[in-house]
Number of protein chains: 2
Amino acid sequence: MERIATGGVLSAAGFLVGSAACGIKSNEGSPDICLLMSIGPATAAGTFTTNRFAAAPVRWSRELLPAEDVRAVIVNAGNANAFTGDQGQADVRTEAALVAELIGCKPHQVCVASTGIIGHPLSMDKVANGVRCAHEALSDRPDAARAAELAIMTTDTHPKACAVHSLMGGMPFHVGGMAKGSGMIAPDMATMLAFVTTDAGVPKRLLGECLRQAVDLTFNRITVDGDTSTNDSVIVLANGSSGAMVTEDGSGLESFREALGAVLAELAYQIVSDGEGATRVIRVRVEGAATQADAETAARAVAESQLFKCAVAGSDPNWGRIICSLGYSGAEVCSQNTTVHIGRTCVVLNGTPTGASAADQMVESEVHVTIDLGLGQAHSTMLSCDLTEEYVRINAQYHT
Amino acid sequence: MERIATGGVLSAAGFLVGSAACGIKSNEGSPDICLLMSIGPATAAGTFTTNRFAAAPVRWSRELLPAEDVRAVIVNAGNANAFTGDQGQADVRTEAALVAELIGCKPHQVCVASTGIIGHPLSMDKVANGVRCAHEALSDRPDAARAAELAIMTTDTHPKACAVHSLMGGMPFHVGGMAKGSGMIAPDMATMLAFVTTDAGVPKRLLGECLRQAVDLTFNRITVDGDTSTNDSVIVLANGSSGAMVTEDGSGLESFREALGAVLAELAYQIVSDGEGATRVIRVRVEGAATQADAETAARAVAESQLFKCAVAGSDPNWGRIICSLGYSGAEVCSQNTTVHIGRTCVVLNGTPTGASAADQMVESEVHVTIDLGLGQAHSTMLSCDLTEEYVRINAQYHT
């Protein structure tokens with residue numbers, strides 16, 4: 001498996017993408033809508049937010065995905081079309097029908113995704129115009145992928161994409177993706193959208209399994225602020241254009257799983273490192289937990305601790321805040337068994353503070369916290385970012 | 001029942017308090033230790049943190065409280081004596097023994113409480129000197145109460161105290177208290193210390209019941225940052241000096257319960273309104289929930305939403321963030337049944353945005369959010385505060 005520097009969702013053969021500015025975002029002239037399509041039929045799978053007030057596009061895409069193959073995804077940024085009632089659902093149907101008409105498929109072969117403000121109806125004139133412009137812009141050139149990555153951004157400070165090239169039984173294939181997400185990022189899943197393409201052929205059932213596993217190990221292990229959005233969506237399309245095929249009996253599956261996992265991991269990392277106001281990534285690894293659930297609970301508590309995230313912003317190796325969050329996490333812990341490293345420095349050894357300063361470990365762009373609970377074999381990792389004044393500024397100054 | 005303006009823990013008869021500066025806090029000369037004692041025997045009760053790494057003083061006080069009556073509480077600020085191993089436990093025993101010797105009781109009649117940095121051993125020379133100075137300063141004058149309120153502060157910006165006067169079967173009695181707490185504040189319980197005195201006589205069992213109920217309705221309903229500390233302690237002493245007595249069969253209990261509840265509610269409010277960096281109190285009331293657990297879960301999710309707390313800091317009536325947190329709270333919700341008010345303005349009526357602006361409701365010092373889930377009869381209220389750049393500054397600049 002090899003990383004490919006450019007191309008994103010267009011690294012895989014047989015896909016086109018186009019984007020446009022249709023005035024949904026408040027800053028006029030910003031690209032805010034994009035259309036991703038597969039030239040031929042594609043199997044598809046998706047994972048979506050667990051928020052009970054899931055947005056209209058999430059409901060639409062969640063419903064259509066088990067049913068049939070998918071030809072396209074239409075995405076807008078600037079308006080979440082969430083908590084918009086029956087009108088919101090009707091708008092999604094209209095949007096999908098318009099795309100279907102333009103590219104020649106059924107509305108139920110068009111996934112829809114949105115991100116932006118909650119509770120405002122979509123301006124369907126703008127959307128219809130945007131869909132047509134994005135359709136006219138469809139292209140397989142790398143700059144079209146970059147334009148799409150920009151169109152789906154909201155408070156993101158930079159576009160997010162990656163791609164890999166790999167082999168399946170000697171046959172080359174590609175997996176590429178783009179994502180957005182910066183705030184309202186929490187596990188299960190982040191306020192994030194991610195769209196992944198592959199020119200491998202993958203049976204729908206196996207594609208769904210692979211996606212769920214990969215999301216669980218990547219997007220479900222990042223947290224920026226613990227707020228799970230109404231609009232989270234990860235959608236993967238597999239069109240088989242490369243001729244590399246995963247078969248129903250699982251041949252080729254491992255190569256595909258590895259490639260998909262690598263792309264999702266990279267996109268998740270790009271999201272958390274672009275967390276609103278973030279200056280550092282925090283990597284929390286818990287080892288030696290009594291159970292897998294304990295490992296995850298403990299890692300999450302440290303990664304989400306507002307106080308520890310502030311300490312990282314201030315470059316302070318305040319391990320007391322790590323210990324405190326382990327203590328309230330609900331995971332089984334025992335002080336005499338607990339060992340904590342910040343970077344390479346051991347700050348607590350079997351329950352005893354070592355007195356070592358980890359100040360020099362706090363200045364890196366990635367701060368590593370490793371906790372050994374000393375109670376078993378289970379382990380888990382969570383990625384987070386520091387909590388800065390800039391995060392508050394962004395989210396206090398954002399006005400509805 | 002009547003509020004008393006001054007006096008705090010000395011409003012109740014038969015109590016003395018003294019404080020001193022012994023050099024535990026880093027800013028030299030700041031009072032940092034205080035001794036509260038009952039002149040005669042007192043029944044006592046306490047509630048403590050649920051953090052698994054409970055500090056040494058918490059373990060000590062939790063253990064002694066069921067066993068016998070209590071004569072005194074010794075409190076220091078600046079060092080939490082948490083995660084300090086066997087030495088921490090030994091230091092607590094030494095401290096209690098020293099107090100016991102000075103006032104003439106057994107070590108197990110002395111509660112200990114601490115707040116401050118985690119993981120540093122207490123300097124016992126300083127503590128011993130501090131205990132002696134605080135003992136020499138014991139007094140029943142109101143300025144002694146104010147000095148004690150200052151001594152237990154850490155990042156608090158102002159001292160916290162209140163007292164009430166009430167009647168029990170015609171007999172007057174008093175309940176007074178002081179508290180500290182500003183950051184690491186979460187339900188179950190806040191990083192907070194509170195000490196309450198009463199000159200009513202209350203049987204130990206009933207005192208414990210009343211305290212647990214009152215804490216559940218007050219300190220367990222406030223949140224600043226969701227971080228549950230290692231040191232939370234609420235301790236109440238009842239010495240019967242007033243002659244007003246709650247009897248084992250419960251006569252007088254309602255008067256006492258009401259007075260205790262009022263004092264704890266006021267202290268809880270003072271803590272949340274002094275949340276680190278806070279400029280506004282947020283009062284979230286959820287009504288119409290299907291179950292009590294749903295009401296509490298939903299209220300807590302909104303009150304703890306980092307994004308909504310930032311919106312309040314920016315005076316933005318961003319009800320989308322309220323809806324989003326209701327959606328991920330885990331509580332049973334249904335959009336068509338959901339009605340949301342910000343202050344007196346209805347922003348969502350039965351699932352439909354009203355379009356009304358609640359901007360004028362966001363400038364008050366207290367922002368009221370009322371959510372009717374429209375699914376049942378259960379209700380709950382949580383108090384929180386806004387999340388400001390100042391919170392981050394305080395917690396990033398605090399250095400270990």
# chains A, B, ... in the order shown; residues from 1 in each chain; ligands from 1
call {"tool": "interface_residues", "arguments": {"of": "chain B", "to": "chain A", "cutoff": "6 Å", "atoms": "only C-alpha atoms", "output": "PyMOL selection string"}}
result
chain B and resi 51-53+118+310-311+313-314+316+318+320+327-328+389+392+395-397+399-400
call {"tool": "write_last_selection", "arguments": {"atoms": "N, CA, C and O atoms", "output": "mmCIF file, in the first residue's frame"}}
result
data_model
loop_
_atom_site.group_PDB
_atom_site.id
_atom_site.type_symbol
_atom_site.label_atom_id
_atom_site.label_comp_id
_atom_site.auth_asym_id
_atom_site.auth_seq_id
_atom_site.Cartn_x
_atom_site.Cartn_y
_atom_site.Cartn_z
ATOM 1 N N ASN B 51 -15.296 10.327 42.455
ATOM 2 C CA ASN B 51 -14.040 10.045 41.749
ATOM 3 C C ASN B 51 -13.318 8.864 42.406
ATOM 4 O O ASN B 51 -13.164 8.822 43.629
ATOM 5 N N ARG B 52 -12.876 7.894 41.571
ATOM 6 C CA ARG B 52 -12.231 6.693 42.114
ATOM 7 C C ARG B 52 -10.884 6.990 42.753
ATOM 8 O O ARG B 52 -10.371 6.192 43.529
ATOM 9 N N PHE B 53 -10.277 8.111 42.358
ATOM 10 C CA PHE B 53 -9.023 8.515 42.987
ATOM 11 C C PHE B 53 -9.308 9.571 44.050
ATOM 12 O O PHE B 53 -8.673 10.625 44.089
ATOM 13 N N ILE B 118 -3.064 18.514 42.570
ATOM 14 C CA ILE B 118 -3.091 17.059 42.761
ATOM 15 C C ILE B 118 -1.675 16.510 42.667
ATOM 16 O O ILE B 118 -0.883 16.951 41.835
ATOM 17 N N CYS B 310 -20.450 28.404 24.731
ATOM 18 C CA CYS B 310 -19.745 29.447 23.968
ATOM 19 C C CYS B 310 -20.740 30.433 23.366
ATOM 20 O O CYS B 310 -20.488 31.634 23.323
ATOM 21 N N ALA B 311 -21.875 29.921 22.874
ATOM 22 C CA ALA B 311 -22.884 30.803 22.285
ATOM 23 C C ALA B 311 -23.383 31.799 23.325
ATOM 24 O O ALA B 311 -23.566 32.988 23.026
ATOM 25 N N ALA B 313 -21.702 32.872 25.886
ATOM 26 C CA ALA B 313 -20.617 33.842 26.081
ATOM 27 C C ALA B 313 -20.689 34.927 25.010
ATOM 28 O O ALA B 313 -20.392 36.092 25.270
ATOM 29 N N GLY B 314 -21.086 34.542 23.809
ATOM 30 C CA GLY B 314 -21.178 35.500 22.713
ATOM 31 C C GLY B 314 -22.560 36.131 22.576
ATOM 32 O O GLY B 314 -22.854 36.782 21.578
ATOM 33 N N ASP B 316 -25.332 34.892 21.815
ATOM 34 C CA ASP B 316 -26.019 34.445 20.605
ATOM 35 C C ASP B 316 -27.098 33.422 20.962
ATOM 36 O O ASP B 316 -26.800 32.382 21.536
ATOM 37 N N ASN B 318 -28.373 30.816 19.982
ATOM 38 C CA ASN B 318 -28.166 29.740 19.011
ATOM 39 C C ASN B 318 -28.912 28.486 19.469
ATOM 40 O O ASN B 318 -28.327 27.555 20.033
ATOM 41 N N GLY B 320 -30.062 26.110 17.809
ATOM 42 C CA GLY B 320 -29.642 24.898 17.099
ATOM 43 C C GLY B 320 -28.716 24.047 17.958
ATOM 44 O O GLY B 320 -28.762 22.813 17.930
ATOM 45 N N GLY B 327 -30.550 16.143 21.149
ATOM 46 C CA GLY B 327 -30.543 14.991 20.238
ATOM 47 C C GLY B 327 -29.511 13.948 20.596
ATOM 48 O O GLY B 327 -29.741 12.752 20.423
ATOM 49 N N TYR B 328 -28.343 14.386 21.096
ATOM 50 C CA TYR B 328 -27.316 13.386 21.435
ATOM 51 C C TYR B 328 -27.328 13.011 22.902
ATOM 52 O O TYR B 328 -26.538 12.170 23.337
ATOM 53 N N GLU B 389 -13.306 32.850 26.871
ATOM 54 C CA GLU B 389 -11.856 32.807 26.659
ATOM 55 C C GLU B 389 -11.124 32.856 28.004
ATOM 56 O O GLU B 389 -10.066 32.262 28.168
ATOM 57 N N VAL B 392 -10.407 29.472 29.532
ATOM 58 C CA VAL B 392 -9.241 28.816 28.937
ATOM 59 C C VAL B 392 -7.965 29.461 29.449
ATOM 60 O O VAL B 392 -7.002 28.783 29.818
ATOM 61 N N ASN B 395 -7.130 28.285 32.914
ATOM 62 C CA ASN B 395 -6.728 26.884 33.029
ATOM 63 C C ASN B 395 -5.542 26.515 32.158
ATOM 64 O O ASN B 395 -4.951 25.453 32.323
ATOM 65 N N ALA B 396 -5.196 27.377 31.217
ATOM 66 C CA ALA B 396 -3.989 27.140 30.426
ATOM 67 C C ALA B 396 -2.798 27.793 31.111
ATOM 68 O O ALA B 396 -1.675 27.295 31.038
ATOM 69 N N GLN B 397 -3.065 28.890 31.800
ATOM 70 C CA GLN B 397 -1.945 29.605 32.421
ATOM 71 C C GLN B 397 -1.603 29.068 33.807
ATOM 72 O O GLN B 397 -0.520 29.314 34.315
ATOM 73 N N HIS B 399 -0.067 26.818 36.176
ATOM 74 C CA HIS B 399 1.041 25.891 35.927
ATOM 75 C C HIS B 399 1.381 25.070 37.146
ATOM 76 O O HIS B 399 1.370 25.563 38.254
ATOM 77 N N THR B 400 1.677 23.782 36.867
ATOM 78 C CA THR B 400 2.037 22.871 37.956
ATOM 79 C C THR B 400 3.508 23.045 38.280
ATOM 80 O O THR B 400 4.276 23.527 37.465
#
call {"tool": "residues_around", "arguments": {"residues": "region 154-165 of chain B", "least_positions_apart": "6", "cutoff": "8 Å", "atoms": "only C-alpha atoms", "output": "PyMOL selection string"}}
result
chain B and resi 1-9+11+77-78+115-116+146+172-183+259+262-263+266-267+270-271+274-276
call {"tool": "residues_around", "arguments": {"residues": "Ala44 (chain A)", "least_positions_apart": "5", "cutoff": "8 Å", "atoms": "only C-alpha atoms", "output": "CSV table (one decimal) with N, CA, C and O atoms, in the first residue's frame"}}
result
chain,number,residue,atom,x,y,z
A,65,LEU,N,-29.5,3.8,1.5
A,65,LEU,CA,-28.3,3.0,1.4
A,65,LEU,C,-28.5,1.5,1.4
A,65,LEU,O,-27.9,0.8,0.7
A,69,ASP,N,-27.9,0.4,-5.2
A,69,ASP,CA,-26.6,0.9,-5.5
A,69,ASP,C,-26.8,2.4,-5.7
A,69,ASP,O,-27.8,2.9,-6.0
A,70,VAL,N,-25.7,3.1,-5.6
A,70,VAL,CA,-25.7,4.6,-5.6
A,70,VAL,C,-24.8,5.1,-6.7
A,70,VAL,O,-23.8,4.6,-7.0
A,204,LYS,N,-21.8,-5.2,-1.5
A,204,LYS,CA,-22.4,-4.2,-0.6
A,204,LYS,C,-22.3,-4.6,0.9
A,204,LYS,O,-21.9,-3.9,1.7
A,207,LEU,N,-18.7,-4.3,2.0
A,207,LEU,CA,-18.4,-2.8,2.1
A,207,LEU,C,-18.9,-2.2,3.3
A,207,LEU,O,-18.2,-1.5,4.0
A,208,GLY,N,-20.2,-2.6,3.7
A,208,GLY,CA,-20.8,-2.0,4.9
A,208,GLY,C,-20.0,-2.5,6.2
A,208,GLY,O,-19.7,-1.7,7.1
A,235,ILE,N,-19.7,8.3,3.8
A,235,ILE,CA,-20.3,7.5,2.7
A,235,ILE,C,-19.2,7.0,1.8
A,235,ILE,O,-18.3,7.8,1.5
A,236,VAL,N,-19.2,5.7,1.5
A,236,VAL,CA,-18.2,5.2,0.6
A,236,VAL,C,-18.9,4.6,-0.7
A,236,VAL,O,-19.9,3.9,-0.6
A,237,LEU,N,-18.3,4.8,-1.8
A,237,LEU,CA,-18.8,4.3,-3.1
A,237,LEU,C,-17.7,3.4,-3.7
A,237,LEU,O,-16.5,3.9,-3.8
A,238,ALA,N,-18.1,2.2,-4.2
A,238,ALA,CA,-17.1,1.3,-4.8
A,238,ALA,C,-17.6,0.9,-6.2
A,238,ALA,O,-18.7,0.3,-6.3
call {"tool": "closest_residue", "arguments": {"among": "A:Asn27, A:Thr43, A:Thr354, A:Asn220", "to": "Pro203 (chain A)", "atoms": "only C-alpha atoms"}}
result
A:Thr43
call {"tool": "select_by_dssp", "arguments": {"residues": "region 31-248 of chain A", "states": "helix (DSSP H, G or I)", "output": "ChimeraX atom specification"}}
result
/A:56-64,85-103,107-109,124-136,142-151,204-217,219-221
call {"tool": "closest_residue", "arguments": {"among": "A:Met124, A:Trp60, A:Ala145, A:Asn81", "to": "Val110 (chain A)", "atoms": "only C-alpha atoms"}}
result
A:Trp60
call {"tool": "closest_residue", "arguments": {"among": "A:Ile371, A:Met153, A:Ala20, A:Val215", "to": "Val347 (chain A)", "atoms": "only C-alpha atoms"}}
result
A:Ile371
call {"tool": "residues_around", "arguments": {"residues": "Gly261 (chain A)", "least_positions_apart": "5", "cutoff": "9 Å", "atoms": "only C-alpha atoms", "output": "JSON, numbers by chain"}}
result
{"A": [210, 211, 213, 214, 215, 217, 218, 256, 266]}
call {"tool": "write_last_selection", "arguments": {"atoms": "all heavy atoms", "output": "PDB file, in the first residue's frame"}}
result
ATOM      1  N   CYS A 210     -16.807  -3.499   6.358  1.00  0.00           N
ATOM      2  CA  CYS A 210     -15.484  -2.845   6.369  1.00  0.00           C
ATOM      3  C   CYS A 210     -15.606  -1.403   6.843  1.00  0.00           C
ATOM      4  O   CYS A 210     -14.780  -0.922   7.617  1.00  0.00           O
ATOM      5  CB  CYS A 210     -14.890  -2.810   4.959  1.00  0.00           C
ATOM      6  SG  CYS A 210     -14.062  -4.307   4.506  1.00  0.00           S
ATOM      7  N   LEU A 211     -16.632  -0.711   6.357  1.00  0.00           N
ATOM      8  CA  LEU A 211     -16.783   0.701   6.718  1.00  0.00           C
ATOM      9  C   LEU A 211     -17.052   0.851   8.207  1.00  0.00           C
ATOM     10  O   LEU A 211     -16.425   1.662   8.894  1.00  0.00           O
ATOM     11  CB  LEU A 211     -17.914   1.346   5.905  1.00  0.00           C
ATOM     12  CG  LEU A 211     -18.129   2.828   6.211  1.00  0.00           C
ATOM     13  CD1 LEU A 211     -16.926   3.663   5.771  1.00  0.00           C
ATOM     14  CD2 LEU A 211     -19.400   3.360   5.561  1.00  0.00           C
ATOM     15  N   GLN A 213     -16.306  -1.141  10.668  1.00  0.00           N
ATOM     16  CA  GLN A 213     -15.094  -1.448  11.435  1.00  0.00           C
ATOM     17  C   GLN A 213     -14.095  -0.293  11.367  1.00  0.00           C
ATOM     18  O   GLN A 213     -13.506   0.110  12.369  1.00  0.00           O
ATOM     19  CB  GLN A 213     -14.431  -2.721  10.899  1.00  0.00           C
ATOM     20  CG  GLN A 213     -15.182  -3.986  11.284  1.00  0.00           C
ATOM     21  CD  GLN A 213     -14.729  -5.185  10.450  1.00  0.00           C
ATOM     22  OE1 GLN A 213     -13.871  -5.065   9.582  1.00  0.00           O
ATOM     23  NE2 GLN A 213     -15.331  -6.349  10.711  1.00  0.00           N
ATOM     24  N   ALA A 214     -13.905   0.221  10.152  1.00  0.00           N
ATOM     25  CA  ALA A 214     -12.903   1.278   9.979  1.00  0.00           C
ATOM     26  C   ALA A 214     -13.343   2.559  10.700  1.00  0.00           C
ATOM     27  O   ALA A 214     -12.519   3.237  11.327  1.00  0.00           O
ATOM     28  CB  ALA A 214     -12.679   1.544   8.497  1.00  0.00           C
ATOM     29  N   VAL A 215     -14.632   2.904  10.637  1.00  0.00           N
ATOM     30  CA  VAL A 215     -15.124   4.099  11.324  1.00  0.00           C
ATOM     31  C   VAL A 215     -14.933   3.954  12.831  1.00  0.00           C
ATOM     32  O   VAL A 215     -14.526   4.889  13.521  1.00  0.00           O
ATOM     33  CB  VAL A 215     -16.615   4.353  10.980  1.00  0.00           C
ATOM     34  CG1 VAL A 215     -17.240   5.355  11.944  1.00  0.00           C
ATOM     35  CG2 VAL A 215     -16.746   4.859   9.544  1.00  0.00           C
ATOM     36  N   LEU A 217     -12.658   2.454  14.379  1.00  0.00           N
ATOM     37  CA  LEU A 217     -11.247   2.596  14.761  1.00  0.00           C
ATOM     38  C   LEU A 217     -10.679   3.969  14.415  1.00  0.00           C
ATOM     39  O   LEU A 217      -9.520   4.254  14.737  1.00  0.00           O
ATOM     40  CB  LEU A 217     -10.410   1.526  14.064  1.00  0.00           C
ATOM     41  CG  LEU A 217     -10.674   0.091  14.538  1.00  0.00           C
ATOM     42  CD1 LEU A 217      -9.955  -0.913  13.647  1.00  0.00           C
ATOM     43  CD2 LEU A 217     -10.220  -0.070  15.988  1.00  0.00           C
ATOM     44  N   THR A 218     -11.461   4.799  13.744  1.00  0.00           N
ATOM     45  CA  THR A 218     -10.899   6.080  13.297  1.00  0.00           C
ATOM     46  C   THR A 218     -11.789   7.253  13.723  1.00  0.00           C
ATOM     47  O   THR A 218     -11.533   7.877  14.738  1.00  0.00           O
ATOM     48  CB  THR A 218     -10.721   6.080  11.761  1.00  0.00           C
ATOM     49  OG1 THR A 218     -11.979   5.777  11.138  1.00  0.00           O
ATOM     50  CG2 THR A 218      -9.696   5.028  11.341  1.00  0.00           C
ATOM     51  N   PHE A 256      -8.397  -4.519   0.771  1.00  0.00           N
ATOM     52  CA  PHE A 256      -9.319  -3.392   0.736  1.00  0.00           C
ATOM     53  C   PHE A 256      -9.498  -2.797   2.128  1.00  0.00           C
ATOM     54  O   PHE A 256      -9.480  -1.577   2.317  1.00  0.00           O
ATOM     55  CB  PHE A 256     -10.674  -3.810   0.155  1.00  0.00           C
ATOM     56  CG  PHE A 256     -11.668  -2.694   0.184  1.00  0.00           C
ATOM     57  CD1 PHE A 256     -11.519  -1.593  -0.652  1.00  0.00           C
ATOM     58  CD2 PHE A 256     -12.731  -2.707   1.079  1.00  0.00           C
ATOM     59  CE1 PHE A 256     -12.403  -0.534  -0.603  1.00  0.00           C
ATOM     60  CE2 PHE A 256     -13.617  -1.642   1.132  1.00  0.00           C
ATOM     61  CZ  PHE A 256     -13.457  -0.556   0.292  1.00  0.00           C
ATOM     62  N   GLU A 266      -6.303   8.631   8.223  1.00  0.00           N
ATOM     63  CA  GLU A 266      -5.659   9.884   7.831  1.00  0.00           C
ATOM     64  C   GLU A 266      -6.663  11.049   7.850  1.00  0.00           C
ATOM     65  O   GLU A 266      -6.367  12.137   8.338  1.00  0.00           O
ATOM     66  CB  GLU A 266      -5.033   9.728   6.439  1.00  0.00           C
ATOM     67  CG  GLU A 266      -4.508  11.001   5.821  1.00  0.00           C
ATOM     68  CD  GLU A 266      -3.391  11.678   6.603  1.00  0.00           C
ATOM     69  OE1 GLU A 266      -2.721  10.978   7.396  1.00  0.00           O
ATOM     70  OE2 GLU A 266      -3.207  12.902   6.437  1.00  0.00           O
TER      71      GLU A 266
END
call {"tool": "atom_distance", "arguments": {"atom1": "CA of Val112 (chain A)", "atom2": "CA of Ala96 (chain A)"}}
result
7.0 Å
call {"tool": "atom_distance", "arguments": {"atom1": "CA of Leu373 (chain B)", "atom2": "CA of Ala303 (chain B)"}}
result
15.8 Å
call {"tool": "residues_around", "arguments": {"residues": "region 15-19 of chain B", "least_positions_apart": "5", "cutoff": "7 Å", "atoms": "only C-alpha atoms", "output": "list in words"}}
result
Leu10, Pro31, Ile33, Cys34, Leu35, Leu36, Met37, Ser38, Ile39, Ala134, His135, Ala137, Leu138, Ser139, Asp140, Ala144, Ala145, Ala147, Ala148 and Ala151 of chain B
